[in-house]
Amino acid sequence: MRLNCSAACVALVAVAATTSAFCVQGSSFFTRTSSIGSSRVNNNKLPVSIKSVSRRGGRMQMFFRDLLGGGSYNLKIDYTGLDHPGPELGAAAQEGKVLVTSKKDPKLALATFAGGCFWGLELAYQRVPGVVHTAAGYAQGPEEGPNYEQVCAGNTGHTEAIMVYYNPKECAYEDLLDTFFDRVDPTTANGQGGDRGKQYRTGVYVHSPEQEEIAKARFEKEQEKHRRPIASELKAASPFWPAEKYHQQYLEKGGRFNSPQSAAKGADDTIRCYG
């Protein structure tokens with residue numbers, strides 16, 4: 001159980017720090033520039049990494065990994081055991097592909113968004129009329145087959161994200177952008193709310209030239225509303241790796257307090273982001 005999407009990792013770092021000395025990896029500030037448009041993201045210092053534990057503290061490293069998930073740090077996700085569209089997305093990622101439309105149902109287009117913790121963002125998109133499927137997962141990182149423990153610890157380049165399958169005849173891409181900008185503060189870099197780190201950075205990741213054109217115009221319009229520069233990324237989508245099954249439709253299924261939240265189309269009750 002976690003206080004929020006990043007609290008578990010922070011708490012475990014504190015526990016490890018009180019029981020064994022360990023080295024903190026040198027981290028630096030760096031800037032990533034979007035490959036589409038001129039949106040920029042200034043990434044803050046990376047959180048303490050599991051890999052920063054010193055070699056002399058090998059036993060503590062194993063203990064720390066166990067605390068993060070029963071020794072599951074290096075476990076691979078079985079994408080074939082996920083509900084649709086998980087297997088389709090997992091297979092595409094393993095082939096290094098980014099889908100524009102669903103292989104199973106070609107009339108459905110795909111769109112990727114990151115808005116901090118993926119639980120609340122997924123429920124927001126589940127409620128959008130014309131959205132047929134959603135999947136929580138890990139996007140925009142170079143590593144293959146990441147799992148939650150690795151991403152949560154900040155040890156990959158991924159961000160928590162949502163894949164949206166939508167029917168363009170019922171839901172315009174502009175509608176999906178409305179949901180994104182309603183949910184996030186686009187001027188905040190590397191996090192939303194209480195969740196901080198590059199694994200919670202926000203972004204719109206386009207799957208086609210048409211999405212790129214629409215998103216770029218929307219980013220320019222949103223910038224006019226803010227004095228601070230837009231920090232949300234605007235980039236071409238890279239392979240999307242589905243998250244573990246327990247993360248999928250997490251809030252609809254009850255979240256950590258077994259209190260299901262409505263995923264009905266058009267529902268507008270407040271989303272309790274952590275369950």
# chains A, B, ... in the order shown; residues from 1 in each chain; ligands from 1
$ select_by_dssp --residues "region 91-255 of chain A" --states "alpha helix (DSSP H)" --output "VMD selection string"
chain A and resid 91 to 94 118 to 126 148 to 152 173 to 183 209 to 223
$ residues_around --residues "Met163 (chain A)" --least-positions-apart "2" --cutoff "10 Å" --atoms "only C-alpha atoms" --output "CSV table (one decimal) with all heavy atoms, in the first residue's frame"
chain,number,residue,atom,x,y,z
A,85,PRO,N,-6.4,-4.0,-23.9
A,85,PRO,CA,-5.5,-4.1,-25.0
A,85,PRO,C,-4.1,-4.4,-24.5
A,85,PRO,O,-3.1,-4.3,-25.3
A,85,PRO,CB,-5.5,-2.7,-25.6
A,85,PRO,CG,-5.7,-1.8,-24.4
A,85,PRO,CD,-6.6,-2.5,-23.5
A,86,GLY,N,-3.9,-4.9,-23.3
A,86,GLY,CA,-2.5,-5.2,-22.8
A,86,GLY,C,-1.7,-6.1,-23.7
A,86,GLY,O,-0.5,-5.8,-24.0
A,89,LEU,N,-0.6,-4.3,-26.9
A,89,LEU,CA,0.4,-3.2,-26.6
A,89,LEU,C,1.7,-3.9,-26.3
A,89,LEU,O,2.8,-3.4,-26.7
A,89,LEU,CB,-0.1,-2.3,-25.5
A,89,LEU,CG,-1.3,-1.4,-25.9
A,89,LEU,CD1,-1.8,-0.8,-24.6
A,89,LEU,CD2,-0.9,-0.4,-26.9
A,110,LEU,N,-5.2,5.3,-31.5
A,110,LEU,CA,-4.5,5.3,-30.2
A,110,LEU,C,-3.9,6.7,-29.9
A,110,LEU,O,-3.5,7.4,-30.8
A,110,LEU,CB,-3.4,4.3,-30.2
A,110,LEU,CG,-3.8,2.8,-29.9
A,110,LEU,CD1,-4.8,2.2,-30.9
A,110,LEU,CD2,-2.6,1.9,-29.8
A,111,ALA,N,-3.9,7.0,-28.6
A,111,ALA,CA,-3.3,8.2,-28.1
A,111,ALA,C,-2.6,8.0,-26.7
A,111,ALA,O,-3.2,7.2,-25.9
A,111,ALA,CB,-4.3,9.3,-28.0
A,112,THR,N,-1.5,8.6,-26.5
A,112,THR,CA,-0.8,8.4,-25.2
A,112,THR,C,-0.7,9.7,-24.5
A,112,THR,O,-0.3,10.8,-25.1
A,112,THR,CB,0.6,7.9,-25.5
A,112,THR,OG1,0.5,6.7,-26.3
A,112,THR,CG2,1.3,7.5,-24.2
A,113,PHE,N,-0.9,9.7,-23.2
A,113,PHE,CA,-0.8,10.8,-22.3
A,113,PHE,C,-0.2,10.5,-21.0
A,113,PHE,O,-0.4,9.4,-20.5
A,113,PHE,CB,-2.2,11.4,-22.0
A,113,PHE,CG,-3.0,11.8,-23.2
A,113,PHE,CD1,-3.9,10.9,-23.8
A,113,PHE,CD2,-2.8,13.0,-23.8
A,113,PHE,CE1,-4.6,11.2,-25.0
A,113,PHE,CE2,-3.5,13.4,-25.0
A,113,PHE,CZ,-4.4,12.5,-25.5
A,114,ALA,N,0.6,11.4,-20.4
A,114,ALA,CA,1.2,11.2,-19.1
A,114,ALA,C,0.8,12.4,-18.2
A,114,ALA,O,1.0,13.5,-18.7
A,114,ALA,CB,2.7,11.0,-19.2
A,122,GLU,N,-6.1,7.6,-15.8
A,122,GLU,CA,-6.8,6.6,-16.5
A,122,GLU,C,-8.3,6.7,-16.3
A,122,GLU,O,-9.1,6.6,-17.2
A,122,GLU,CB,-6.3,5.2,-16.1
A,122,GLU,CG,-7.1,4.1,-16.8
A,122,GLU,CD,-6.6,2.7,-16.6
A,122,GLU,OE1,-6.1,2.4,-15.5
A,122,GLU,OE2,-6.7,1.9,-17.5
A,125,TYR,N,-9.9,9.3,-18.4
A,125,TYR,CA,-10.1,8.9,-19.8
A,125,TYR,C,-11.2,7.8,-19.9
A,125,TYR,O,-11.9,7.8,-21.0
A,125,TYR,CB,-8.8,8.5,-20.4
A,125,TYR,CG,-8.0,9.7,-20.8
A,125,TYR,CD1,-6.8,10.1,-20.2
A,125,TYR,CD2,-8.5,10.6,-21.9
A,125,TYR,CE1,-6.1,11.2,-20.6
A,125,TYR,CE2,-7.7,11.7,-22.3
A,125,TYR,CZ,-6.6,12.0,-21.6
A,125,TYR,OH,-5.8,13.1,-22.0
A,133,HIS,N,-11.2,1.7,-24.8
A,133,HIS,CA,-10.2,1.0,-23.9
A,133,HIS,C,-9.2,2.0,-23.4
A,133,HIS,O,-8.9,3.0,-24.0
A,133,HIS,CB,-9.5,-0.1,-24.7
A,133,HIS,CG,-10.4,-1.1,-25.3
A,133,HIS,ND1,-11.2,-2.0,-24.7
A,133,HIS,CD2,-10.6,-1.4,-26.7
A,133,HIS,CE1,-11.9,-2.7,-25.5
A,133,HIS,NE2,-11.5,-2.4,-26.7
A,134,THR,N,-8.7,1.7,-22.2
A,134,THR,CA,-7.5,2.4,-21.7
A,134,THR,C,-6.6,1.4,-21.1
A,134,THR,O,-6.9,0.2,-20.7
A,134,THR,CB,-7.9,3.4,-20.6
A,134,THR,OG1,-8.6,2.6,-19.5
A,134,THR,CG2,-8.9,4.4,-21.1
A,135,ALA,N,-5.3,1.7,-21.0
A,135,ALA,CA,-4.3,0.9,-20.4
A,135,ALA,C,-3.3,1.8,-19.7
A,135,ALA,O,-2.8,2.8,-20.2
A,135,ALA,CB,-3.6,0.0,-21.4
A,136,ALA,N,-2.9,1.4,-18.4
A,136,ALA,CA,-1.9,2.1,-17.7
A,136,ALA,C,-0.6,1.4,-18.0
A,136,ALA,O,-0.5,0.2,-18.3
A,136,ALA,CB,-2.1,2.0,-16.2
A,137,GLY,N,0.5,2.2,-18.1
A,137,GLY,CA,1.8,1.7,-18.5
A,137,GLY,C,2.9,2.7,-18.4
A,137,GLY,O,2.8,3.7,-17.7
A,138,TYR,N,4.0,2.3,-19.0
A,138,TYR,CA,5.2,3.1,-18.9
A,138,TYR,C,5.7,3.5,-20.3
A,138,TYR,O,5.8,2.7,-21.2
A,138,TYR,CB,6.3,2.2,-18.2
A,138,TYR,CG,5.8,1.5,-17.0
A,138,TYR,CD1,5.7,0.2,-16.9
A,138,TYR,CD2,5.4,2.3,-15.9
A,138,TYR,CE1,5.1,-0.5,-15.8
A,138,TYR,CE2,4.8,1.7,-14.8
A,138,TYR,CZ,4.7,0.3,-14.7
A,138,TYR,OH,4.2,-0.3,-13.6
A,139,ALA,N,5.9,4.8,-20.5
A,139,ALA,CA,6.2,5.4,-21.8
A,139,ALA,C,7.4,6.2,-21.8
A,139,ALA,O,7.9,6.7,-20.8
A,139,ALA,CB,5.0,6.2,-22.3
A,161,ALA,N,2.1,6.5,-17.7
A,161,ALA,CA,1.3,7.0,-18.8
A,161,ALA,C,0.0,6.2,-19.0
A,161,ALA,O,-0.1,5.1,-18.5
A,161,ALA,CB,2.1,7.1,-20.1
A,165,TYR,N,-7.6,4.1,-26.3
A,165,TYR,CA,-8.2,3.6,-27.6
A,165,TYR,C,-9.5,4.4,-27.7
A,165,TYR,O,-10.4,4.2,-26.9
A,165,TYR,CB,-8.4,2.1,-27.5
A,165,TYR,CG,-7.2,1.2,-27.7
A,165,TYR,CD1,-6.1,1.3,-26.9
A,165,TYR,CD2,-7.2,0.2,-28.7
A,165,TYR,CE1,-5.0,0.5,-27.1
A,165,TYR,CE2,-6.2,-0.6,-28.9
A,165,TYR,CZ,-5.1,-0.5,-28.1
A,165,TYR,OH,-4.0,-1.3,-28.3
A,166,TYR,N,-9.6,5.1,-28.8
A,166,TYR,CA,-10.8,5.9,-29.0
A,166,TYR,C,-11.4,5.8,-30.4
A,166,TYR,O,-10.6,5.5,-31.4
A,166,TYR,CB,-10.6,7.4,-28.6
A,166,TYR,CG,-9.6,8.1,-29.5
A,166,TYR,CD1,-10.1,9.0,-30.5
A,166,TYR,CD2,-8.2,7.9,-29.5
A,166,TYR,CE1,-9.2,9.7,-31.3
A,166,TYR,CE2,-7.4,8.6,-30.3
A,166,TYR,CZ,-7.9,9.5,-31.2
A,166,TYR,OH,-7.0,10.2,-32.0
A,205,TYR,N,2.0,12.5,-26.2
A,205,TYR,CA,2.9,11.7,-27.1
A,205,TYR,C,2.1,11.3,-28.3
A,205,TYR,O,1.2,10.4,-28.2
A,205,TYR,CB,3.5,10.6,-26.3
A,205,TYR,CG,4.2,11.0,-25.1
A,205,TYR,CD1,3.7,10.7,-23.8
A,205,TYR,CD2,5.3,11.9,-25.1
A,205,TYR,CE1,4.3,11.1,-22.7
A,205,TYR,CE2,5.9,12.3,-24.0
A,205,TYR,CZ,5.4,12.0,-22.7
A,205,TYR,OH,6.0,12.4,-21.6
A,240,PHE,N,5.1,1.7,-25.9
A,240,PHE,CA,4.4,1.7,-24.7
A,240,PHE,C,4.3,0.4,-24.0
A,240,PHE,O,3.9,-0.6,-24.6
A,240,PHE,CB,2.9,2.2,-24.9
A,240,PHE,CG,2.1,2.4,-23.7
A,240,PHE,CD1,1.9,3.6,-23.1
A,240,PHE,CD2,1.3,1.3,-23.3
A,240,PHE,CE1,1.1,3.7,-22.0
A,240,PHE,CE2,0.5,1.4,-22.2
A,240,PHE,CZ,0.4,2.6,-21.5
A,241,TRP,N,4.9,0.3,-22.8
A,241,TRP,CA,4.9,-1.0,-22.1
A,241,TRP,C,3.8,-1.0,-21.0
A,241,TRP,O,3.8,-0.2,-20.1
A,241,TRP,CB,6.3,-1.1,-21.4
A,241,TRP,CG,7.4,-1.1,-22.3
A,241,TRP,CD1,8.2,0.0,-22.8
A,241,TRP,CD2,8.0,-2.2,-23.0
A,241,TRP,NE1,9.1,-0.4,-23.7
A,241,TRP,CE2,9.0,-1.7,-23.8
A,241,TRP,CE3,7.7,-3.6,-23.0
A,241,TRP,CZ2,9.8,-2.6,-24.7
A,241,TRP,CZ3,8.5,-4.4,-23.8
A,241,TRP,CH2,9.5,-3.9,-24.6
A,242,PRO,N,2.8,-1.9,-21.2
A,242,PRO,CA,1.7,-2.0,-20.2
A,242,PRO,C,2.2,-2.3,-18.8
A,242,PRO,O,3.2,-3.0,-18.6
A,242,PRO,CB,0.9,-3.2,-20.8
A,242,PRO,CG,1.2,-3.3,-22.2
A,242,PRO,CD,2.7,-2.9,-22.3
$ closest_residue --among "A:Gly203, A:Gly193, A:Pro87, A:Pro260" --to "Phe181 (chain A)" --atoms "only C-alpha atoms"
A:Gly203
$ closest_residue --among "A:Leu176, A:His226, A:Val164, A:Gly154" --to "Thr101 (chain A)" --atoms "only C-alpha atoms"
A:Val164
$ residues_around --residues "Asn258 (chain A)" --least-positions-apart "6" --cutoff "12 Å" --atoms "only C-alpha atoms" --output "PyMOL selection string"
chain A and resi 250-252+274-275
$ residues_around --residues "Lys103 (chain A)" --least-positions-apart "2" --cutoff "10 Å" --atoms "only C-alpha atoms" --output "list of chain:residue names"
A:Pro85, A:Glu88, A:Leu89, A:Ala92, A:Leu99, A:Val100, A:Thr101, A:Asp105, A:Pro106, A:Lys107, A:Leu108, A:Ala109
$ closest_residue --among "A:Val131, A:Val204, A:Ala243, A:Ala172" --to "Ala231 (chain A)" --atoms "only C-alpha atoms"
A:Val204
$ atom_distance --atom1 "CA of Ile271 (chain A)" --atom2 "CA of Cys171 (chain A)"
21.3 Å
$ closest_residue --among "A:Ile162, A:Ala153, A:Ala237, A:Leu177" --to "Gly116 (chain A)" --atoms "only C-alpha atoms"
A:Ile162
$ select_by_dssp --residues "region 68-261 of chain A" --states "strand (DSSP E)" --output "VMD selection string"
chain A and resid 109 to 114 131 to 139 159 to 166 191 to 192 195 to 196 203 to 206 233 to 236 241 to 242
$ atom_distance --atom1 "CA of Gly266 (chain A)" --atom2 "CA of Glu212 (chain A)"
26.3 Å
$ closest_residue --among "A:Lys104, A:Asp178, A:Asp78, A:Thr187" --to "Glu224 (chain A)" --atoms "only C-alpha atoms"
A:Thr187
$ atom_distance --atom1 "CA of Ala91 (chain A)" --atom2 "CA of Ala263 (chain A)"
26.8 Å
$ residues_around --residues "Tyr148 (chain A)" --least-positions-apart "3" --cutoff "12 Å" --atoms "only C-alpha atoms" --output "ChimeraX atom specification"
/A:5-6,8-9,68-69,72-77,117-118,136-139,145,151-156,158-161,199,241-247
$ write_last_selection --atoms "N, CA and C atoms" --output "short mmCIF file (atom, residue, chain, number, x, y, z; two decimals), in the first residue's frame"
data_model
loop_
_atom_site.label_atom_id
_atom_site.label_comp_id
_atom_site.auth_asym_id
_atom_site.auth_seq_id
_atom_site.Cartn_x
_atom_site.Cartn_y
_atom_site.Cartn_z
N CYS A 5 1.73 7.88 -5.21
CA CYS A 5 2.50 7.10 -6.19
C CYS A 5 3.99 7.09 -5.91
N SER A 6 4.51 8.05 -5.17
CA SER A 6 5.95 8.08 -4.93
C SER A 6 6.34 7.92 -3.47
N ALA A 8 5.96 5.53 -1.30
CA ALA A 8 6.57 4.25 -0.91
C ALA A 8 8.06 4.26 -1.16
N CYS A 9 8.45 4.74 -2.34
CA CYS A 9 9.88 4.78 -2.66
C CYS A 9 10.63 5.70 -1.72
N LEU A 68 10.74 -3.24 -1.78
CA LEU A 68 10.05 -2.59 -2.90
C LEU A 68 9.04 -3.51 -3.58
N GLY A 69 9.03 -4.76 -3.25
CA GLY A 69 8.03 -5.59 -3.90
C GLY A 69 8.30 -7.06 -3.81
N SER A 72 10.72 -8.47 -6.31
CA SER A 72 10.22 -8.51 -7.68
C SER A 72 10.85 -7.46 -8.58
N TYR A 73 11.94 -6.86 -8.13
CA TYR A 73 12.55 -5.77 -8.90
C TYR A 73 12.88 -6.18 -10.33
N ASN A 74 13.36 -7.38 -10.51
CA ASN A 74 13.79 -7.83 -11.84
C ASN A 74 12.77 -8.71 -12.55
N LEU A 75 11.58 -8.87 -11.98
CA LEU A 75 10.57 -9.71 -12.61
C LEU A 75 10.01 -9.05 -13.86
N LYS A 76 9.73 -9.86 -14.86
CA LYS A 76 9.14 -9.38 -16.10
C LYS A 76 7.62 -9.49 -16.05
N ILE A 77 6.96 -8.58 -16.72
CA ILE A 77 5.50 -8.59 -16.77
C ILE A 77 5.05 -9.54 -17.88
N CYS A 117 0.66 10.48 -11.55
CA CYS A 117 0.22 9.12 -11.24
C CYS A 117 -0.81 8.65 -12.26
N PHE A 118 -0.63 7.46 -12.80
CA PHE A 118 -1.53 7.03 -13.88
C PHE A 118 -2.90 6.59 -13.42
N ALA A 136 -2.95 1.40 -18.42
CA ALA A 136 -1.89 2.08 -17.67
C ALA A 136 -0.56 1.43 -18.04
N GLY A 137 0.49 2.25 -18.12
CA GLY A 137 1.78 1.67 -18.47
C GLY A 137 2.91 2.66 -18.37
N TYR A 138 4.01 2.34 -19.01
CA TYR A 138 5.25 3.09 -18.91
C TYR A 138 5.68 3.52 -20.31
N ALA A 139 5.90 4.83 -20.48
CA ALA A 139 6.15 5.38 -21.81
C ALA A 139 7.41 6.22 -21.83
N GLY A 145 10.86 -3.55 -21.42
CA GLY A 145 10.18 -4.35 -20.40
C GLY A 145 10.27 -3.83 -18.98
N VAL A 151 10.48 1.58 -12.43
CA VAL A 151 10.04 2.93 -12.79
C VAL A 151 9.83 3.79 -11.56
N CYS A 152 9.21 3.23 -10.53
CA CYS A 152 8.96 3.96 -9.29
C CYS A 152 10.25 4.47 -8.67
N ALA A 153 11.30 3.67 -8.75
CA ALA A 153 12.58 4.04 -8.16
C ALA A 153 13.33 5.07 -9.01
N GLY A 154 12.80 5.41 -10.17
CA GLY A 154 13.46 6.37 -11.04
C GLY A 154 14.64 5.79 -11.78
N ASN A 155 14.69 4.46 -11.90
CA ASN A 155 15.84 3.81 -12.52
C ASN A 155 15.69 3.58 -14.02
N THR A 156 14.61 4.08 -14.60
CA THR A 156 14.45 4.01 -16.05
C THR A 156 14.11 5.41 -16.55
N HIS A 158 11.38 6.06 -18.16
CA HIS A 158 9.95 6.09 -18.43
C HIS A 158 9.17 7.03 -17.52
N THR A 159 7.99 7.36 -17.97
CA THR A 159 7.03 8.07 -17.15
C THR A 159 5.74 7.26 -17.10
N GLU A 160 5.02 7.33 -15.99
CA GLU A 160 3.73 6.65 -15.91
C GLU A 160 2.79 7.31 -16.91
N ALA A 161 2.10 6.49 -17.69
CA ALA A 161 1.28 7.03 -18.78
C ALA A 161 0.03 6.18 -19.00
N GLN A 199 9.75 10.17 -13.39
CA GLN A 199 8.80 9.11 -13.70
C GLN A 199 7.35 9.58 -13.61
N TRP A 241 4.86 0.31 -22.79
CA TRP A 241 4.93 -0.97 -22.07
C TRP A 241 3.81 -1.02 -21.04
N PRO A 242 2.84 -1.92 -21.18
CA PRO A 242 1.73 -2.00 -20.22
C PRO A 242 2.23 -2.30 -18.81
N ALA A 243 1.55 -1.72 -17.83
CA ALA A 243 1.88 -1.97 -16.43
C ALA A 243 1.28 -3.28 -15.96
N GLU A 244 1.64 -3.67 -14.76
CA GLU A 244 1.14 -4.88 -14.14
C GLU A 244 -0.40 -4.87 -14.07
N LYS A 245 -0.98 -6.05 -14.01
CA LYS A 245 -2.44 -6.17 -14.09
C LYS A 245 -3.13 -5.41 -12.96
N TYR A 246 -2.54 -5.39 -11.77
CA TYR A 246 -3.23 -4.74 -10.65
C TYR A 246 -3.33 -3.24 -10.81
N HIS A 247 -2.52 -2.66 -11.71
CA HIS A 247 -2.61 -1.22 -11.96
C HIS A 247 -3.72 -0.86 -12.94
#
$ closest_residue --among "A:Arg227, A:Ser232, A:Pro129, A:Ala267" --to "Gly191 (chain A)" --atoms "only C-alpha atoms"
A:Ser232
